[in-house]
Protein chains: 2
Amino acid sequence: MELETRLNESRPATPGTLRPGGRTAKVRRAVLDATLDALAESGFHALNMDRIAASAGVGKTTVYRRWTSPTGLVGDLLHDMAEQSLPAADTGTLAGDLRANAELVRATLTDPRMGAVFRAVIAAAACDEECARALAGFYRTRLAEWTPAVAKGAARGEVPAGTDPVELLRAVSAPLYYRFAVTHEELAADVAERAATAALAAARDGVFVRE
Amino acid sequence: MELETRLNESRPATPGTLRPGGRTAKVRRAVLDATLDALAESGFHALNMDRIAASAGVGKTTVYRRWTSPTGLVGDLLHDMAEQSLPAADTGTLAGDLRANAELVRATLTDPRMGAVFRAVIAAAACDEECARALAGFYRTRLAEWTPAVAKGAARGEVPAGTDPVELLRAVSAPLYYRFAVTHEELAADVAERAATAALAAARDGVFVRE
DNA sequence: GCGTTAATGGAACTGGAGACCCGTTTGAAC
DNA sequence: GTTCAAACGGGTCTCCAGTTCCATTAACGC
């Protein structure tokens, strides 16, 4: 849905945009599912258009026509993933919410299947500009779901008024993603714990207050 | 040097290990330089063994034989980069040193050439295990150069005794790399500033004290 | 210097990724 | 339910990444 409008804007006649009914939608679903499976199993470098077409039960011509490249597939997958939002926690305290957020991120990246997908997606984003934009969009929507928690915490006086919610949430995620994508370290539970605590400590000091 | 020993351990007769004199070394230098150029110009996904061989003025058979794959090239490049260490700053205060460190990271990632290389390297590490290990090793040596700054700061009482230096340094780098690799945001100077300040605030609170 | 052989490099071969053509299916409008 | 074009899909072709083979070059030990 989101994708169709977006593509309509850029190119007048991209396949899959004018007749999104029945078959076309089913094809997209099958292809994106197959892409997710392939990424989870063997990573981005092994992503192969022919194999995707085969395992999705779709003609390979169709895959090439609608997605052109592996990064195109990943980009569309990200648009799809951004639509399926999961709600933020509400533990009553900002400290608790941030800990829940950090633990959610950790659980996602630690999960064998999801971890592989995110690794692949990060690789794809590093290779392709369009893909990078899609990934950025994905995180924008994800973080947006958690901003109310910070706002409530600020209202309760747990962090200074004027604290930038997104900045604080980024500070929570950053250490986890840094280890995951850059240094490839183990993500133990205490890492998430510390990420949340450190971010909150900095926030209390007013580091994330918008000037 | 480091590489030769490493390879000698695993395989008894890997090309380039038994006669590392003159030509072999020159070939490696030329190939790694060409790889760096290629990554800076067009990124990891466009890394092409044939083109590397051509622009290095080396037979493509040699490149395939000694490095096998694009990730092999990047892996060796990382070993090479880890050897060229640059010394840490010493501003007199931990706050100053951390700010210098954050700014150094920011400058590196922002530089058009180096930024592209790091992006490529992160992508390669996400695709290949051996490459990931090489990247982890690179950062281990880099962070090790800055640990004395933290130790000195702790001795001066700027952070609690027992503060884990590496943990603190990771906290400084994390927000920068997170934006760089995951959300692909602009890295303005104030981001580095805030990364250093936030990490120090958390450290002062004792978040990074080893239990 | 001289011989040995590790390492390089040119050339020819192969397989599979990706492009193209064109007939078939099917969603949308009436 | 009929029509029309959008989207799909099978088959084929092309090109290039990656391999193999063998001749040539030049390190290393004497």
# chains A, B, ... in the order shown; residues from 1 in each chain; ligands from 1
>>> interface_residues(of="chain C", to="chain B", cutoff="12 Å", atoms="only C-alpha atoms (C1' of nucleotides)", output="number ranges by chain")
C: 5-11
>>> write_last_selection(atoms="N, CA and C atoms (P, O5', C5', C4', C3', O3' and C1' of nucleotides)", output="PDB file, in the first residue's frame")
ATOM      1  P    DT C   5      63.071 -28.581  -6.109  1.00  0.00           P
ATOM      2  O5'  DT C   5      61.934 -27.485  -5.934  1.00  0.00           O
ATOM      3  C5'  DT C   5      62.020 -26.539  -4.858  1.00  0.00           C
ATOM      4  C4'  DT C   5      61.071 -25.375  -5.140  1.00  0.00           C
ATOM      5  C3'  DT C   5      59.684 -25.791  -5.655  1.00  0.00           C
ATOM      6  O3'  DT C   5      58.737 -24.908  -5.109  1.00  0.00           O
ATOM      7  C1'  DT C   5      60.585 -24.237  -7.095  1.00  0.00           C
ATOM      8  P    DA C   6      57.662 -25.467  -4.004  1.00  0.00           P
ATOM      9  O5'  DA C   6      57.137 -24.087  -3.405  1.00  0.00           O
ATOM     10  C5'  DA C   6      58.045 -23.241  -2.721  1.00  0.00           C
ATOM     11  C4'  DA C   6      57.764 -21.779  -3.048  1.00  0.00           C
ATOM     12  C3'  DA C   6      56.298 -21.378  -3.035  1.00  0.00           C
ATOM     13  O3'  DA C   6      56.208 -20.092  -2.443  1.00  0.00           O
ATOM     14  C1'  DA C   6      57.210 -20.884  -5.162  1.00  0.00           C
ATOM     15  P    DA C   7      54.753 -19.476  -2.101  1.00  0.00           P
ATOM     16  O5'  DA C   7      54.494 -18.563  -3.385  1.00  0.00           O
ATOM     17  C5'  DA C   7      55.343 -17.444  -3.619  1.00  0.00           C
ATOM     18  C4'  DA C   7      55.010 -16.862  -4.960  1.00  0.00           C
ATOM     19  C3'  DA C   7      53.528 -16.578  -5.213  1.00  0.00           C
ATOM     20  O3'  DA C   7      53.340 -15.189  -5.329  1.00  0.00           O
ATOM     21  C1'  DA C   7      54.584 -17.560  -7.108  1.00  0.00           C
ATOM     22  P    DT C   8      51.939 -14.561  -5.817  1.00  0.00           P
ATOM     23  O5'  DT C   8      52.214 -14.316  -7.358  1.00  0.00           O
ATOM     24  C5'  DT C   8      53.309 -13.493  -7.754  1.00  0.00           C
ATOM     25  C4'  DT C   8      53.421 -13.484  -9.260  1.00  0.00           C
ATOM     26  C3'  DT C   8      52.198 -12.921 -10.000  1.00  0.00           C
ATOM     27  O3'  DT C   8      52.630 -11.911 -10.882  1.00  0.00           O
ATOM     28  C1'  DT C   8      52.845 -15.000 -10.926  1.00  0.00           C
ATOM     29  P    DG C   9      51.537 -10.959 -11.556  1.00  0.00           P
ATOM     30  O5'  DG C   9      51.273 -11.672 -12.960  1.00  0.00           O
ATOM     31  C5'  DG C   9      52.348 -11.847 -13.869  1.00  0.00           C
ATOM     32  C4'  DG C   9      51.833 -12.474 -15.150  1.00  0.00           C
ATOM     33  C3'  DG C   9      50.477 -11.957 -15.633  1.00  0.00           C
ATOM     34  O3'  DG C   9      50.481 -11.924 -17.046  1.00  0.00           O
ATOM     35  C1'  DG C   9      50.331 -14.264 -15.314  1.00  0.00           C
ATOM     36  P    DG C  10      49.577 -10.901 -17.795  1.00  0.00           P
ATOM     37  O5'  DG C  10      49.267 -11.661 -19.171  1.00  0.00           O
ATOM     38  C5'  DG C  10      50.315 -12.372 -19.827  1.00  0.00           C
ATOM     39  C4'  DG C  10      49.748 -13.580 -20.543  1.00  0.00           C
ATOM     40  C3'  DG C  10      48.420 -13.321 -21.279  1.00  0.00           C
ATOM     41  O3'  DG C  10      48.535 -13.856 -22.591  1.00  0.00           O
ATOM     42  C1'  DG C  10      48.209 -15.196 -19.841  1.00  0.00           C
ATOM     43  P    DA C  11      47.428 -13.562 -23.693  1.00  0.00           P
ATOM     44  O5'  DA C  11      46.692 -14.965 -23.861  1.00  0.00           O
ATOM     45  C5'  DA C  11      47.427 -16.177 -23.707  1.00  0.00           C
ATOM     46  C4'  DA C  11      46.452 -17.346 -23.746  1.00  0.00           C
ATOM     47  C3'  DA C  11      45.113 -17.025 -24.426  1.00  0.00           C
ATOM     48  O3'  DA C  11      44.676 -18.169 -25.148  1.00  0.00           O
ATOM     49  C1'  DA C  11      44.724 -17.734 -22.234  1.00  0.00           C
TER      50       DA C  11
END
>>> residues_around(residues="Pro112 of chain B", least_positions_apart="2", cutoff="12 Å", atoms="only C-alpha atoms (C1' of nucleotides)", output="tab-separated table (two decimals) with N, CA, C and O atoms, in the first residue's frame")
chain	number	residue	atom	x	y	z
B	37	ASP	N	40.95	1.78	-2.93
B	37	ASP	CA	40.43	2.73	-3.91
B	37	ASP	C	39.04	2.32	-4.40
B	37	ASP	O	38.12	3.14	-4.45
B	39	LEU	N	36.81	0.38	-2.98
B	39	LEU	CA	35.81	0.51	-1.93
B	39	LEU	C	35.41	1.97	-1.75
B	39	LEU	O	34.23	2.30	-1.62
B	40	ALA	N	36.41	2.86	-1.74
B	40	ALA	CA	36.14	4.28	-1.55
B	40	ALA	C	35.29	4.83	-2.69
B	40	ALA	O	34.42	5.67	-2.48
B	41	GLU	N	35.54	4.32	-3.89
B	41	GLU	CA	34.83	4.86	-5.05
B	41	GLU	C	33.44	4.29	-5.23
B	41	GLU	O	32.49	5.02	-5.48
B	42	SER	N	33.32	2.97	-5.13
B	42	SER	CA	32.02	2.40	-5.50
B	42	SER	C	31.44	1.40	-4.50
B	42	SER	O	30.42	0.78	-4.79
B	43	GLY	N	32.08	1.25	-3.35
B	43	GLY	CA	31.48	0.43	-2.31
B	43	GLY	C	31.68	-1.06	-2.46
B	43	GLY	O	32.21	-1.53	-3.47
B	106	ARG	N	34.22	10.72	14.31
B	106	ARG	CA	33.31	11.46	13.44
B	106	ARG	C	34.02	11.91	12.16
B	106	ARG	O	33.49	11.76	11.05
B	107	ALA	N	35.23	12.44	12.31
B	107	ALA	CA	35.99	12.91	11.15
B	107	ALA	C	36.26	11.77	10.18
B	107	ALA	O	36.15	11.93	8.96
B	108	THR	N	36.59	10.61	10.72
B	108	THR	CA	36.88	9.45	9.88
B	108	THR	C	35.64	9.03	9.10
B	108	THR	O	35.70	8.82	7.89
B	109	LEU	N	34.54	8.90	9.81
B	109	LEU	CA	33.31	8.42	9.16
B	109	LEU	C	32.74	9.46	8.19
B	109	LEU	O	32.05	9.13	7.23
B	110	THR	N	33.02	10.73	8.46
B	110	THR	CA	32.50	11.79	7.61
B	110	THR	C	33.34	11.99	6.36
B	110	THR	O	32.84	12.41	5.32
B	114	MET	N	37.31	7.72	3.52
B	114	MET	CA	37.33	6.80	4.65
B	114	MET	C	35.93	6.33	5.03
B	114	MET	O	35.72	5.16	5.36
B	115	GLY	N	34.98	7.23	4.95
B	115	GLY	CA	33.60	6.86	5.26
B	115	GLY	C	33.12	5.74	4.37
B	115	GLY	O	32.54	4.75	4.84
B	116	ALA	N	33.41	5.85	3.09
B	116	ALA	CA	32.99	4.82	2.14
B	116	ALA	C	33.67	3.50	2.45
B	116	ALA	O	33.05	2.43	2.38
B	117	VAL	N	34.94	3.57	2.83
B	117	VAL	CA	35.67	2.35	3.16
B	117	VAL	C	35.05	1.66	4.38
B	117	VAL	O	34.81	0.46	4.37
B	118	PHE	N	34.75	2.44	5.41
B	118	PHE	CA	34.17	1.83	6.61
B	118	PHE	C	32.78	1.27	6.33
B	118	PHE	O	32.42	0.22	6.85
B	119	ARG	N	32.03	1.97	5.52
B	119	ARG	CA	30.72	1.44	5.14
B	119	ARG	C	30.88	0.08	4.48
B	119	ARG	O	30.18	-0.89	4.79
>>> interface_residues(of="chain A", to="chain B", cutoff="6 Å", atoms="only C-alpha atoms", output="MDAnalysis selection string")
chainID A and resid 45 119 123 126:127 136 174:175 178 183 198 201:202
>>> closest_residue(among="D:DA26, D:DG1, D:DG9, D:DC21", to="DT25 of chain C", atoms="only C-alpha atoms (C1' of nucleotides)")
D:DG9
>>> atom_distance(atom1="atom CA of Val150 of chain B", atom2="atom CA of Ala102 of chain A")
26.0 Å
>>> closest_atom_pairs(of="chain D", to="chain A", cutoff="8 Å", atoms="only C-alpha atoms (C1' of nucleotides)", output="JSON lines")
{"residue": "D:DA6", "atom": "C1'", "partner": "A:Arg19", "partner_atom": "CA", "distance": 6.8}
{"residue": "D:DA7", "atom": "C1'", "partner": "A:Pro15", "partner_atom": "CA", "distance": 6.9}
{"residue": "D:DC8", "atom": "C1'", "partner": "A:Thr62", "partner_atom": "CA", "distance": 6.5}
{"residue": "D:DG9", "atom": "C1'", "partner": "A:Gly59", "partner_atom": "CA", "distance": 5.0}
>>> closest_residue(among="A:Thr91, A:Thr163, A:Thr147, A:Ser69", to="DA17 of chain C", atoms="only C-alpha atoms (C1' of nucleotides)")
A:Ser69
>>> select_by_dssp(residues="chain A", states="helix (DSSP H, G or I)", output="PyMOL selection string")
chain A and resi 2-10+22-42+44-46+49-56+60-67+70-83+94-110+112-127+129-155+165-183+189-204
>>> atom_distance(atom1="atom CA of Val166 of chain B", atom2="atom CA of Pro148 of chain B")
10.1 Å
>>> residues_around(residues="Ala30 of chain A", least_positions_apart="2", cutoff="12 Å", atoms="only C-alpha atoms (C1' of nucleotides)", output="ChimeraX atom specification")
/A:23-28,32-37,52-59,62-63,73,77
>>> atom_distance(atom1="atom CA of Pro160 of chain A", atom2="atom CA of Ala189 of chain A")
27.7 Å
>>> residues_around(residues="DA12 of chain C", least_positions_apart="6", cutoff="12 Å", atoms="only C-alpha atoms (C1' of nucleotides)", output="VMD selection string")
chain D and resid 19 to 22
>>> write_last_selection(atoms="C-alpha atoms (C1' of nucleotides)", output="PDB file, in the first residue's frame")
ATOM      1  C1'  DT D  19      38.307 -21.891 -12.621  1.00  0.00           C
ATOM      2  C1'  DT D  20      41.807 -24.553 -14.737  1.00  0.00           C
ATOM      3  C1'  DC D  21      46.127 -25.292 -17.222  1.00  0.00           C
ATOM      4  C1'  DC D  22      50.548 -24.355 -18.257  1.00  0.00           C
TER       5       DC D  22
END
